[in-house]
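Here is protein12.txt, consisting of compact mmCIF, C-alpha atoms:
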```txt
# COMPACT_ATOMS: atom_id res chain seq x y z
CA MET A 27 0.00 0.00 0.00
CA PRO A 28 1.41 3.44 -0.87
CA ARG A 29 2.76 5.36 2.14
CA PHE A 30 0.53 8.40 1.55
CA LEU A 31 -2.54 6.12 1.56
CA CYS A 32 -1.50 4.58 4.87
CA ILE A 33 -1.15 8.05 6.37
CA LEU A 34 -4.56 9.00 5.05
CA LEU A 35 -6.22 5.91 6.54
CA VAL A 36 -4.57 6.54 9.92
CA ALA A 37 -5.82 10.13 9.87
CA ILE A 38 -9.36 8.98 9.07
CA PHE A 39 -9.21 6.42 11.89
CA ILE A 40 -8.01 8.99 14.42
CA SER A 41 -10.70 11.49 13.42
CA SER A 42 -13.37 8.81 13.83
CA CYS A 43 -12.24 8.06 17.38
CA HIS A 44 -12.60 11.58 18.73
CA SER A 45 -15.30 14.22 18.58
CA THR A 46 -14.12 17.80 18.46
CA HIS A 47 -15.02 20.30 21.14
CA PRO A 48 -13.79 23.82 21.81
CA ILE A 49 -12.08 22.99 25.08
CA MET A 50 -11.71 19.24 25.50
CA SER A 51 -11.52 16.14 23.36
CA VAL A 52 -14.10 13.46 24.11
CA PRO A 53 -13.56 9.77 23.29
CA ALA A 54 -16.00 8.49 20.70
CA LYS A 55 -17.42 5.90 23.10
CA GLN A 56 -17.67 8.73 25.63
CA THR A 57 -16.97 6.48 28.61
CA ASP A 58 -13.58 5.57 30.00
CA ASN A 59 -12.78 2.96 32.60
CA PHE A 60 -11.66 5.36 35.32
CA ILE A 61 -15.09 6.67 36.41
CA ALA A 62 -16.81 3.32 35.84
CA ASP A 63 -14.23 1.46 37.94
CA LEU A 64 -14.35 4.05 40.71
CA LEU A 65 -18.15 3.95 40.95
CA HIS A 66 -18.28 0.15 40.78
CA SER A 67 -16.06 0.07 43.88
CA TYR A 68 -18.99 1.60 45.80
CA PRO A 69 -21.82 -0.85 45.00
CA GLN A 70 -23.87 0.34 47.98
CA PHE A 71 -24.24 3.72 46.28
CA PHE A 72 -24.19 3.06 42.56
CA ASP A 73 -24.92 -0.54 41.55
CA THR A 74 -28.62 -0.08 40.80
CA ILE A 75 -28.12 3.25 39.09
CA LEU A 76 -25.21 2.04 36.96
CA THR A 77 -27.16 -1.03 35.89
CA ASN A 78 -29.90 1.32 34.68
CA ARG A 79 -27.64 4.12 33.46
CA GLU A 80 -29.59 4.64 30.23
CA GLU A 81 -32.95 4.77 31.99
CA TYR A 82 -31.56 7.40 34.37
CA GLY A 83 -29.78 9.26 31.56
CA ILE A 84 -26.63 9.55 33.67
CA GLN A 85 -23.72 11.58 32.32
CA ILE A 86 -20.58 12.42 34.31
CA ILE A 87 -17.50 14.51 33.53
CA TYR A 88 -14.59 14.67 35.96
CA THR A 89 -11.53 16.86 35.46
CA GLN A 90 -8.47 16.03 37.52
CA ILE A 91 -6.24 19.06 38.09
CA ASP A 92 -2.53 18.87 38.71
CA ARG A 93 -0.07 21.75 38.90
CA LYS A 94 3.38 22.42 37.55
CA LYS A 95 5.93 23.95 39.91
CA ASN A 96 5.00 27.42 38.63
CA GLY A 97 1.32 26.79 39.34
CA THR A 98 0.22 26.17 35.74
CA PRO A 99 -2.70 23.71 35.79
CA LEU A 100 -2.65 20.39 33.96
CA PHE A 101 -6.02 18.79 33.17
CA THR A 102 -6.99 15.15 32.79
CA ASP A 103 -10.59 14.72 31.69
CA HIS A 104 -12.63 11.58 32.31
CA PHE A 105 -16.07 10.84 30.87
CA PHE A 106 -18.88 8.47 31.77
CA ASN A 107 -21.83 7.90 29.41
CA VAL A 108 -21.45 11.38 27.94
CA SER A 109 -23.53 11.77 24.78
CA ASP A 110 -25.77 14.12 22.84
CA ARG A 111 -28.83 12.55 24.46
CA TYR A 112 -31.20 15.34 25.45
CA PHE A 113 -31.76 16.38 29.05
CA TYR A 114 -33.66 19.46 30.14
CA PRO A 115 -30.97 21.88 31.45
CA ALA A 116 -33.35 23.75 33.78
CA SER A 117 -31.55 26.48 35.74
CA THR A 118 -28.08 25.63 34.43
CA VAL A 119 -28.89 27.93 31.48
CA LYS A 120 -28.58 30.80 33.95
CA PHE A 121 -24.82 30.24 34.01
CA PRO A 122 -24.04 31.26 30.40
CA ILE A 123 -26.75 33.94 30.48
CA SER A 124 -25.05 35.63 33.45
CA LEU A 125 -21.72 35.56 31.63
CA LEU A 126 -23.25 36.85 28.40
CA ALA A 127 -24.88 39.76 30.26
CA LEU A 128 -21.44 40.87 31.46
CA GLN A 129 -20.01 40.27 28.00
CA LYS A 130 -22.64 42.40 26.29
CA LEU A 131 -22.02 45.28 28.70
CA ASN A 132 -18.32 45.07 27.89
CA GLU A 133 -18.96 44.96 24.15
CA LEU A 134 -21.09 48.12 24.29
CA GLU A 135 -18.01 50.06 25.47
CA ILE A 136 -20.08 52.92 26.88
CA ASP A 137 -18.14 54.98 29.39
CA GLY A 138 -19.64 54.59 32.85
CA LEU A 139 -22.01 51.76 31.86
CA ASP A 140 -21.28 48.70 33.98
CA ARG A 141 -22.97 45.96 35.96
CA ALA A 142 -23.92 48.40 38.76
CA THR A 143 -25.76 50.81 36.43
CA SER A 144 -29.52 51.16 36.98
CA MET A 145 -31.45 48.92 34.57
CA ILE A 146 -35.14 49.57 33.91
CA THR A 147 -37.20 46.97 32.06
CA GLU A 148 -40.41 48.03 30.29
CA ALA A 149 -43.34 45.96 29.01
CA ALA A 150 -44.29 46.40 25.36
CA TYR A 151 -45.71 43.07 24.21
CA SER A 152 -48.05 40.30 25.27
CA GLY A 153 -46.79 38.41 28.35
CA GLN A 154 -44.21 41.02 29.30
CA THR A 155 -43.90 42.72 32.69
CA ALA A 156 -41.93 45.78 33.76
CA VAL A 157 -39.34 46.27 36.52
CA TYR A 158 -38.69 49.71 38.02
CA ASN A 159 -37.17 48.81 41.39
CA ASP A 160 -35.61 45.99 43.37
CA PRO A 161 -36.58 45.79 47.05
CA LEU A 162 -33.71 43.37 47.76
CA SER A 163 -30.95 45.71 46.60
CA ALA A 164 -29.19 48.15 48.94
CA ASP A 165 -30.73 51.23 47.30
CA GLY A 166 -33.75 49.76 45.53
CA ARG A 167 -32.18 49.84 42.06
CA PRO A 168 -32.35 46.87 39.67
CA THR A 169 -28.97 46.18 38.07
CA ILE A 170 -27.19 43.46 36.10
CA GLU A 171 -25.01 42.89 39.16
CA GLN A 172 -28.02 42.35 41.40
CA TYR A 173 -29.62 39.91 38.95
CA ILE A 174 -26.43 37.86 38.72
CA LYS A 175 -26.13 37.73 42.51
CA LYS A 176 -29.68 36.37 42.78
CA ILE A 177 -28.99 33.77 40.10
CA PHE A 178 -25.94 32.30 41.79
CA LEU A 179 -27.18 32.67 45.38
CA VAL A 180 -30.67 31.14 45.05
CA SER A 181 -31.16 30.46 41.31
CA ASP A 182 -33.76 33.22 40.96
CA ASN A 183 -35.97 32.67 37.89
CA ASP A 184 -37.08 36.29 37.46
CA ALA A 185 -33.44 37.42 37.51
CA PHE A 186 -32.72 35.03 34.66
CA ASN A 187 -35.73 36.28 32.72
CA ARG A 188 -34.56 39.91 33.02
CA LEU A 189 -31.12 39.05 31.68
CA TYR A 190 -32.71 37.01 28.88
CA GLU A 191 -34.76 40.09 27.98
CA PHE A 192 -31.73 42.36 28.08
CA LEU A 193 -29.73 40.08 25.80
CA GLY A 194 -32.41 38.97 23.38
CA GLN A 195 -32.75 35.50 21.91
CA GLU A 196 -30.64 36.12 18.82
CA TYR A 197 -27.69 37.57 20.73
CA ILE A 198 -27.72 34.67 23.21
CA ASN A 199 -27.65 31.89 20.65
CA SER A 200 -25.50 33.50 18.00
CA SER A 201 -22.88 34.40 20.62
CA LEU A 202 -22.73 30.89 22.05
CA HIS A 203 -22.54 29.33 18.60
CA LYS A 204 -19.72 31.66 17.52
CA MET A 205 -17.80 30.61 20.63
CA GLY A 206 -18.13 26.96 19.65
CA TYR A 207 -21.04 25.95 21.86
CA THR A 208 -23.07 25.00 18.81
CA ASP A 209 -25.46 22.60 20.56
CA ALA A 210 -26.76 25.34 22.85
CA GLU A 211 -30.28 26.62 22.30
CA ILE A 212 -31.71 28.99 24.93
CA ILE A 213 -35.08 30.10 23.64
CA HIS A 214 -37.47 30.73 26.52
CA ARG A 215 -37.89 32.37 29.90
CA LEU A 216 -38.25 30.24 33.03
CA ASN A 217 -41.12 29.58 35.41
CA ILE A 218 -43.61 31.52 33.30
CA SER A 219 -45.95 30.16 30.65
CA LEU A 220 -45.48 32.02 27.36
CA THR A 221 -45.94 31.16 23.71
CA GLU A 222 -43.04 30.74 21.32
CA ASP A 223 -43.89 34.14 19.83
CA GLU A 224 -43.87 35.79 23.26
CA ASN A 225 -40.49 34.27 24.07
CA ARG A 226 -39.12 35.55 20.76
CA HIS A 227 -40.14 39.07 21.80
CA THR A 228 -37.91 40.61 24.46
CA ASN A 229 -38.64 43.75 26.43
CA PRO A 230 -37.34 47.27 25.92
CA VAL A 231 -34.54 47.94 28.41
CA ARG A 232 -32.92 51.24 29.44
CA PHE A 233 -29.85 51.98 31.54
CA TYR A 234 -29.64 55.27 33.50
CA ASP A 235 -26.72 57.10 35.06
CA THR A 236 -26.94 58.70 38.51
CA GLY A 237 -28.39 61.84 36.94
CA SER A 238 -31.29 59.87 35.42
CA HIS A 239 -29.91 60.25 31.89
CA VAL A 240 -30.33 57.33 29.50
CA MET A 241 -26.94 55.75 28.83
CA TYR A 242 -28.12 52.91 26.62
CA GLU A 243 -31.47 51.76 25.31
CA LYS A 244 -32.41 48.43 23.80
CA PRO A 245 -35.79 48.49 22.01
CA LEU A 246 -38.41 45.73 21.88
CA GLU A 247 -36.92 42.92 19.81
CA ASN A 248 -38.51 40.13 17.79
CA SER A 249 -36.05 37.28 17.33
CA GLN A 250 -35.73 35.69 13.91
CA TRP A 251 -33.48 32.96 15.24
CA VAL A 252 -34.07 29.70 13.34
CA TYR A 253 -34.64 26.90 15.82
CA ALA A 254 -32.83 23.62 15.28
CA LYS A 255 -34.95 20.71 14.08
CA ARG A 256 -35.06 18.40 17.06
CA ASN A 257 -36.81 15.21 18.08
CA ASP A 258 -36.56 15.43 21.86
CA LYS A 259 -39.57 13.50 23.14
CA LYS A 260 -39.46 11.92 26.58
CA GLY A 261 -41.59 9.68 28.78
CA LYS A 262 -45.00 8.21 28.18
CA GLY A 263 -47.33 11.02 29.26
CA TYR A 264 -47.77 14.49 30.70
CA TYR A 265 -50.36 16.68 32.34
CA ALA A 266 -51.84 19.66 30.54
CA GLY A 267 -53.72 21.36 33.35
CA ASP A 268 -55.68 18.59 35.07
CA LYS A 269 -55.77 16.36 31.99
CA LEU A 270 -53.34 13.48 31.47
CA ILE A 271 -52.12 13.24 27.87
CA ASN A 272 -50.94 9.69 27.15
CA GLU A 273 -48.13 10.46 24.74
CA PRO A 274 -44.47 11.48 25.12
CA PHE A 275 -43.73 15.02 26.25
CA ASP A 276 -42.08 17.09 23.52
CA PHE A 277 -39.00 19.03 24.63
CA SER A 278 -38.12 20.14 21.08
CA LYS A 279 -39.03 23.76 21.81
CA LYS A 280 -37.39 23.76 25.23
CA ASN A 281 -33.95 25.05 26.18
CA ARG A 282 -31.00 22.82 25.37
CA LEU A 283 -27.48 22.85 26.81
CA SER A 284 -25.13 19.87 26.89
CA LEU A 285 -23.17 18.77 29.94
CA LEU A 286 -19.97 19.00 27.92
CA ASP A 287 -20.67 22.66 27.07
CA LEU A 288 -21.52 23.50 30.68
CA HIS A 289 -18.36 21.83 31.96
CA SER A 290 -16.31 23.65 29.34
CA MET A 291 -17.86 27.01 30.27
CA LEU A 292 -16.93 26.36 33.89
CA LYS A 293 -13.36 25.68 32.84
CA ALA A 294 -13.31 28.91 30.81
CA VAL A 295 -14.41 30.93 33.86
CA PHE A 296 -11.87 29.48 36.30
CA PHE A 297 -8.98 28.82 33.96
CA PRO A 298 -9.38 31.37 31.15
CA LYS A 299 -5.66 31.50 30.37
CA GLU A 300 -5.73 27.77 29.62
CA VAL A 301 -8.56 28.17 27.11
CA GLU A 302 -8.15 29.47 23.58
CA LYS A 303 -9.35 33.09 23.41
CA LYS A 304 -12.18 32.37 20.98
CA TYR A 305 -13.91 30.16 23.54
CA ARG A 306 -13.75 32.53 26.49
CA PHE A 307 -16.51 34.91 27.44
CA LYS A 308 -15.45 38.53 26.94
CA LEU A 309 -15.06 39.41 30.60
CA LYS A 310 -13.00 42.11 32.25
CA GLU A 311 -10.46 41.15 34.90
CA GLU A 312 -12.77 42.45 37.63
CA ASP A 313 -15.67 40.35 36.33
CA TYR A 314 -13.98 37.05 37.20
CA PRO A 315 -13.73 37.48 40.99
CA PHE A 316 -17.28 38.85 41.05
CA VAL A 317 -18.69 35.78 39.30
CA ARG A 318 -16.56 33.35 41.30
CA LYS A 319 -17.48 34.91 44.61
CA TYR A 320 -21.22 34.60 44.11
CA MET A 321 -20.97 31.14 42.58
CA SER A 322 -19.55 29.98 45.92
CA MET A 323 -21.28 32.21 48.48
CA PHE A 324 -23.78 30.78 50.98
CA PRO A 325 -27.15 32.62 50.87
CA ARG A 326 -26.85 33.61 54.55
CA GLU A 327 -23.61 35.44 53.78
CA SER A 328 -25.34 37.91 51.48
CA ALA A 329 -26.59 41.24 52.85
CA PHE A 330 -28.10 42.54 49.60
CA PRO A 331 -29.98 40.55 48.54
CA PHE A 332 -30.82 39.21 51.99
CA TYR A 333 -32.18 35.67 52.39
CA ASP A 334 -33.66 34.06 55.48
CA THR A 335 -32.70 30.69 56.93
CA SER A 336 -35.00 28.79 54.55
CA TYR A 337 -32.08 29.09 52.14
CA HIS A 338 -29.58 26.81 53.88
CA ASP A 339 -25.84 26.77 53.14
CA ALA A 340 -26.03 23.80 50.77
CA TYR A 341 -29.01 25.23 48.91
CA SER A 342 -28.94 23.88 45.33
CA LYS A 343 -25.37 22.57 45.80
CA PHE A 344 -26.28 18.99 45.00
CA ILE A 345 -22.86 17.50 44.26
CA LEU A 346 -21.20 16.58 47.59
CA TRP A 347 -23.95 18.07 49.77
CA GLY A 348 -27.20 16.78 48.22
CA ASP A 349 -30.17 18.44 49.88
CA GLY A 350 -28.36 18.84 53.21
CA LYS A 351 -29.45 21.58 55.57
CA ASP A 352 -26.52 21.73 58.01
CA LYS A 353 -24.54 24.91 58.53
CA LEU A 354 -21.22 24.63 56.72
CA GLU A 355 -17.85 25.92 57.91
CA GLY A 356 -16.68 27.24 54.56
CA ASN A 357 -13.33 25.47 54.35
CA ILE A 358 -14.80 23.70 51.31
CA ARG A 359 -16.30 25.94 48.65
CA ILE A 360 -18.29 24.71 45.66
CA PHE A 361 -18.29 27.10 42.70
CA HIS A 362 -21.25 25.87 40.73
CA LYS A 363 -24.55 26.16 38.93
CA SER A 364 -27.25 23.54 39.22
CA GLY A 365 -30.70 22.96 37.83
CA ASP A 366 -33.72 20.77 38.50
CA ALA A 367 -36.99 20.54 36.58
CA TYR A 368 -39.14 17.86 34.92
CA GLY A 369 -37.19 15.26 36.91
CA PHE A 370 -33.85 16.27 35.40
CA LEU A 371 -31.20 17.06 38.00
CA THR A 372 -27.88 18.60 36.94
CA ASP A 373 -24.94 20.18 38.74
CA VAL A 374 -21.73 21.62 37.30
CA CYS A 375 -19.06 22.50 39.83
CA TYR A 376 -15.47 23.30 40.70
CA VAL A 377 -14.73 22.00 44.21
CA VAL A 378 -12.02 23.58 46.34
CA ASP A 379 -10.83 22.50 49.80
CA PHE A 380 -8.61 25.22 51.28
CA VAL A 381 -7.48 23.15 54.27
CA ASN A 382 -6.42 20.04 52.35
CA GLN A 383 -5.40 22.02 49.26
CA ILE A 384 -7.35 20.00 46.72
CA GLU A 385 -9.31 21.05 43.66
CA PHE A 386 -11.28 19.26 40.97
CA MET A 387 -14.12 19.80 38.52
CA LEU A 388 -17.14 17.51 38.48
CA SER A 389 -20.33 17.74 36.44
CA ALA A 390 -23.22 15.30 36.32
CA THR A 391 -26.82 14.92 35.26
CA ILE A 392 -29.46 12.32 36.12
CA HIS A 393 -33.11 11.88 35.13
CA CYS A 394 -35.34 11.14 38.13
CA ASN A 395 -38.79 10.38 36.70
CA SER A 396 -39.53 6.70 37.20
CA ASP A 397 -43.21 6.90 36.22
CA GLY A 398 -42.46 8.59 32.89
CA ILE A 399 -45.10 11.27 33.49
CA TYR A 400 -44.27 14.98 33.34
CA ASN A 401 -45.94 17.93 35.07
CA ASP A 402 -47.32 15.68 37.82
CA ASP A 403 -44.84 16.94 40.46
CA HIS A 404 -43.95 13.31 41.21
CA TYR A 405 -40.23 13.13 40.63
CA ASP A 406 -37.56 11.08 42.38
CA TYR A 407 -35.24 13.85 43.51
CA GLU A 408 -35.21 12.91 47.21
CA THR A 409 -34.99 9.14 46.76
CA ILE A 410 -32.66 8.93 43.74
CA GLY A 411 -31.30 12.26 42.46
CA PHE A 412 -30.02 14.04 45.56
CA PRO A 413 -28.45 10.91 47.11
CA PHE A 414 -26.77 10.07 43.79
CA LEU A 415 -25.14 13.50 43.40
CA LYS A 416 -24.19 13.70 47.07
CA ASN A 417 -22.55 10.26 46.99
CA LEU A 418 -20.91 11.02 43.66
CA GLY A 419 -19.34 14.16 45.04
CA GLN A 420 -18.21 12.40 48.22
CA VAL A 421 -16.57 9.55 46.32
CA PHE A 422 -14.58 11.92 44.12
CA TYR A 423 -13.74 14.15 47.08
CA ASP A 424 -12.42 11.14 49.04
CA TYR A 425 -10.43 10.05 46.00
CA GLU A 426 -8.90 13.52 45.70
CA LEU A 427 -7.99 13.52 49.39
CA LYS A 428 -5.92 10.36 48.89
CA ARG A 429 -4.49 11.24 45.49
CA ASP A 430 -0.80 12.09 45.47
CA ARG A 431 0.13 15.53 44.14
CA LYS A 432 3.65 16.63 43.30
CA ASN A 433 2.70 20.28 43.67
CA LYS A 434 -0.05 21.71 45.87
CA PRO A 435 -2.27 24.36 44.27
CA ASP A 436 -2.22 27.98 45.42
CA LEU A 437 -5.92 28.62 46.04
CA SER A 438 -5.55 32.01 47.71
CA SER A 439 -7.20 33.87 44.81
CA LEU A 440 -10.40 31.94 45.52
CA LYS A 441 -10.62 33.04 49.16
CA PHE A 442 -13.20 35.80 49.20
CA ASP A 443 -14.40 38.17 51.90
CA TYR A 444 -18.07 37.14 51.97
CA THR A 445 -18.93 39.85 54.52
CA ARG A 446 -18.60 42.63 51.91
```

Please render this file's structure as structure tokens.
Amino acid sequence: MPRFLCILLVAIFISSCHSTHPIMSVPAKQTDNFIADLLHSYPQFFDTILTNREEYGIQIIYTQIDRKKNGTPLFTDHFFNVSDRYFYPASTVKFPISLLALQKLNELEIDGLDRATSMITEAAYSGQTAVYNDPLSADGRPTIEQYIKKIFLVSDNDAFNRLYEFLGQEYINSSLHKMGYTDAEIIHRLNISLTEDENRHTNPVRFYDTGSHVMYEKPLENSQWVYAKRNDKKGKGYYAGDKLINEPFDFSKKNRLSLLDLHSMLKAVFFPKEVEKKYRFKLKEEDYPFVRKYMSMFPRESAFPFYDTSYHDAYSKFILWGDGKDKLEGNIRIFHKSGDAYGFLTDVCYVVDFVNQIEFMLSATIHCNSDGIYNDDHYDYETIGFPFLKNLGQVFYDYELKRDRKNKPDLSSLKFDYTR
């Protein structure tokens, strides 16, 4: 066989074994032995779930982080059952939306316009509502900064909707696709029932300086974004009001965001210098500590917005802590964004232990809907989902505690003053 033909065949073989991704390379089979072997060593936690991995739609990504002597991180990525199989991303879409809101402000390049500028939202179309003040802010003003705080502290749905309206559907999706997150499709508000047409229309938004002068104005927009053709039907039935419809629930016009994209976005936020520039969000240096701080803050540590004790320290931090309600010391911080809806439970996190000087990234999703019926409020979060993610986090944390490291990480830049 001619040498050039051999080279060509080898190249074809290699390309068939790996799928491309902006930040990491994923094996074609999308499962490696490391995670499977580790989980199988804890049969009391994972045997039943692993046996039914397809039914539960489990996907796991674990990034092991080592350091060179100069502190440069080295990443080893492991995958379990990762695929393009659809899962409803729920509140995890708030993560890229928060980053895009900061990016858009930076792209506008208007002197004095920043995340602390007053943002007024008007209503100009069916289904829209206005916002003129924020009773949870220090001075009553609604701002991008305040919305992002609410998103990361308690996963506030209205805060997400306001950022969605500021950005507009076309900006959101075109930006993510240009960055390489081509599977992403964020096309509707959360926790509010609107038509496709109403979700395509986003509110007029104005930003004011301290002298009440308009600094920037975004008019009512009608998105012409062409939705991807999808066949994302799940389950065997769903409720429409009080009526049970005995056919699969169609998620084809619902938000979509893959676990691989979410994990990669997390990596871009915490290790931007290790990610090619094209795939980073356009953030200023001061944006990074702001985002990181509120991704890891306990709700009780926030003064504005203030949250009562119903929001416990582990609120929505499912990996490692499940649905725990104990007060946490803070020596371990989880920088994360989670989501739960329709029985889908997802968490994407960067775990840091300041005392033991360990760090790792872990993302996972599981589908907890054993009866196959949607909108019935009968999901298996407490019995299956929360225990799975808690045990998963604990197993990887214990592994990291025992793992030998040549060089300990310097985590001082992630120690924030949560009293300010």

Using all atoms listed in the file: which of A:Leu440, A:Leu285, A:Leu246, A:Val180 has the shortest distance to Thr147 of chain A: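 Smallest separation from Thr147 of chain A among the options: A:Leu246.
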
Neighbour list for Lys353 of chain A as a PyMOL selection string, cut-off 12 Å, all atoms listed in the file, skip fewer than 6 positions in-chain: chain A and resi 324-327+335-341+347

Ala367 of chain A surroundings by only C-alpha atoms, 12 Å radius, close-in-sequence under 5 positions cut, as a list in words: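 Final neighbour list, sorted by chain and number: Phe113, Tyr114, Pro115, Ala116, Ser117, Thr118, Leu216, Asn217, Lys280, Asn281, Thr372, Thr391, Ile392, His393, Cys394, Asn395, Tyr400, Asn401, Asp402, Asp403, His404, Tyr405, Asp406, Tyr407 and Gly411 of chain A.
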
Please provide the set of residues having any atom within 12 Å of Gly97 of chain A, restricted to only C-alpha atoms, with same-chain residues fewer than 6 positions apart removed, written as a PDB file with C-alpha atoms, in the coordinates of the input.
```
ATOM      1  CA  ILE A  91      -6.240  19.060  38.090  1.00  0.00           C
ATOM      2  CA  PHE A 297      -8.980  28.820  33.960  1.00  0.00           C
ATOM      3  CA  LYS A 432       3.650  16.630  43.300  1.00  0.00           C
ATOM      4  CA  ASN A 433       2.700  20.280  43.670  1.00  0.00           C
ATOM      5  CA  LYS A 434      -0.050  21.710  45.870  1.00  0.00           C
ATOM      6  CA  PRO A 435      -2.270  24.360  44.270  1.00  0.00           C
ATOM      7  CA  ASP A 436      -2.220  27.980  45.420  1.00  0.00           C
ATOM      8  CA  LEU A 437      -5.920  28.620  46.040  1.00  0.00           C
TER       9      LEU A 437
END
```

Option closest in space to Thr169 of chain A, from A:Lys120, A:Arg93, A:Arg232, A:Arg79 [counting only C-alpha atoms]: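 The shortest atom-to-atom distance to Thr169 of chain A comes from A:Arg232.
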
Closest of A:Leu371, A:Ile213, A:Val240, A:Leu309 to Tyr253 of chain A - atom-to-atom distances counting all atoms listed in the file: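 When distances to Tyr253 of chain A are compared using all atoms listed in the file, the smallest one comes from A:Ile213.
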
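You will find atom CA of Asp366 of chain A at 11.1 Å from atom CA of Val119 of chain A.
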
Distance of atom CA of Ser342 of chain A from atom CA of His203 of chain A, expressed in Å to one decimal place: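 Between atom CA of His203 of chain A and atom CA of Ser342 of chain A the gap is 28.0 Å.
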
Just the residues within 12 Å of Asp287 of chain A, please, counting only C-alpha atoms, with nothing from its chain fewer than 5 positions along; format it as a PDB file with C-alpha atoms, in the frame of the given file.
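Saved as result-v1.pdb:
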```
ATOM      1  CA  THR A  46     -14.120  17.800  18.460  1.00  0.00           C
ATOM      2  CA  HIS A  47     -15.020  20.300  21.140  1.00  0.00           C
ATOM      3  CA  PRO A  48     -13.790  23.820  21.810  1.00  0.00           C
ATOM      4  CA  ILE A  49     -12.080  22.990  25.080  1.00  0.00           C
ATOM      5  CA  MET A  50     -11.710  19.240  25.500  1.00  0.00           C
ATOM      6  CA  SER A  51     -11.520  16.140  23.360  1.00  0.00           C
ATOM      7  CA  VAL A  52     -14.100  13.460  24.110  1.00  0.00           C
ATOM      8  CA  ILE A  87     -17.500  14.510  33.530  1.00  0.00           C
ATOM      9  CA  VAL A 108     -21.450  11.380  27.940  1.00  0.00           C
ATOM     10  CA  SER A 109     -23.530  11.770  24.780  1.00  0.00           C
ATOM     11  CA  ASP A 110     -25.770  14.120  22.840  1.00  0.00           C
ATOM     12  CA  PRO A 115     -30.970  21.880  31.450  1.00  0.00           C
ATOM     13  CA  THR A 118     -28.080  25.630  34.430  1.00  0.00           C
ATOM     14  CA  VAL A 119     -28.890  27.930  31.480  1.00  0.00           C
ATOM     15  CA  PHE A 121     -24.820  30.240  34.010  1.00  0.00           C
ATOM     16  CA  PRO A 122     -24.040  31.260  30.400  1.00  0.00           C
ATOM     17  CA  LEU A 202     -22.730  30.890  22.050  1.00  0.00           C
ATOM     18  CA  HIS A 203     -22.540  29.330  18.600  1.00  0.00           C
ATOM     19  CA  MET A 205     -17.800  30.610  20.630  1.00  0.00           C
ATOM     20  CA  GLY A 206     -18.130  26.960  19.650  1.00  0.00           C
ATOM     21  CA  TYR A 207     -21.040  25.950  21.860  1.00  0.00           C
ATOM     22  CA  THR A 208     -23.070  25.000  18.810  1.00  0.00           C
ATOM     23  CA  ASP A 209     -25.460  22.600  20.560  1.00  0.00           C
ATOM     24  CA  ALA A 210     -26.760  25.340  22.850  1.00  0.00           C
ATOM     25  CA  GLU A 211     -30.280  26.620  22.300  1.00  0.00           C
ATOM     26  CA  ARG A 282     -31.000  22.820  25.370  1.00  0.00           C
ATOM     27  CA  LEU A 292     -16.930  26.360  33.890  1.00  0.00           C
ATOM     28  CA  LYS A 293     -13.360  25.680  32.840  1.00  0.00           C
ATOM     29  CA  ALA A 294     -13.310  28.910  30.810  1.00  0.00           C
ATOM     30  CA  TYR A 305     -13.910  30.160  23.540  1.00  0.00           C
ATOM     31  CA  VAL A 374     -21.730  21.620  37.300  1.00  0.00           C
ATOM     32  CA  SER A 389     -20.330  17.740  36.440  1.00  0.00           C
TER      33      SER A 389
END
```

Residue with smallest distance to Glu385 of chain A - pool A:Leu100, A:Leu131, A:Leu415, A:Val295, counting all atoms listed in the file: A:Leu100

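The environment of Lys269 of chain A within 12 Å, counting all atoms listed in the file and disregarding residues fewer than 2 places along the same chain, consists of A:Gly263, A:Tyr264, A:Tyr265, A:Ala266, A:Gly267, A:Ile271, A:Asn272, A:Ile399, A:Tyr400, A:Asn401, A:Asp402.
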
Keeping C-alpha atoms for every residue in the selection just given, could you write it to a file as an mmCIF file, keeping the file's coordinate frame?
```cif
data_model
loop_
_atom_site.group_PDB
_atom_site.id
_atom_site.type_symbol
_atom_site.label_atom_id
_atom_site.label_comp_id
_atom_site.auth_asym_id
_atom_site.auth_seq_id
_atom_site.Cartn_x
_atom_site.Cartn_y
_atom_site.Cartn_z
ATOM 1 C CA GLY A 263 -47.330 11.020 29.260
ATOM 2 C CA TYR A 264 -47.770 14.490 30.700
ATOM 3 C CA TYR A 265 -50.360 16.680 32.340
ATOM 4 C CA ALA A 266 -51.840 19.660 30.540
ATOM 5 C CA GLY A 267 -53.720 21.360 33.350
ATOM 6 C CA ILE A 271 -52.120 13.240 27.870
ATOM 7 C CA ASN A 272 -50.940 9.690 27.150
ATOM 8 C CA ILE A 399 -45.100 11.270 33.490
ATOM 9 C CA TYR A 400 -44.270 14.980 33.340
ATOM 10 C CA ASN A 401 -45.940 17.930 35.070
ATOM 11 C CA ASP A 402 -47.320 15.680 37.820
#
```

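Taking all atoms listed in the file into account, Ile86 of chain A lies nearest to A:Ser284 out of the set A:Gln172, A:Ser322, A:Ser328, A:Ser284.
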
Nearest residue to Asp443 of chain A from the set A:Glu80, A:Gly356, A:His239, A:Lys95 (distances using all atoms listed in the file):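 Closest residue, counting all atoms listed in the file: A:Gly356.
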
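Those DNA, RNA and protein residues that approach the point (-12.4, 18.7, 38.9) to within 9 Å, considering only C-alpha atoms, are A:Ile87, A:Tyr88, A:Thr89, A:Gln90, A:Ile91, A:Phe101, A:Thr102, A:Asp103, A:Cys375, A:Tyr376, A:Val377, A:Val378, A:Glu385, A:Phe386, A:Met387, A:Leu388, A:Ser389, A:Phe422.
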
For the structure just given, write the atoms of segment 127-133 of chain A, namely C-alpha atoms, as a short mmCIF file (atom, residue, chain, number, x, y, z; two decimals), in the first residue's frame.
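result.cif was written with the following content:
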```
data_model
loop_
_atom_site.label_atom_id
_atom_site.label_comp_id
_atom_site.auth_asym_id
_atom_site.auth_seq_id
_atom_site.Cartn_x
_atom_site.Cartn_y
_atom_site.Cartn_z
CA ALA A 127 -24.88 39.76 30.26
CA LEU A 128 -21.44 40.87 31.46
CA GLN A 129 -20.01 40.27 28.00
CA LYS A 130 -22.64 42.40 26.29
CA LEU A 131 -22.02 45.28 28.70
CA ASN A 132 -18.32 45.07 27.89
CA GLU A 133 -18.96 44.96 24.15
#
```
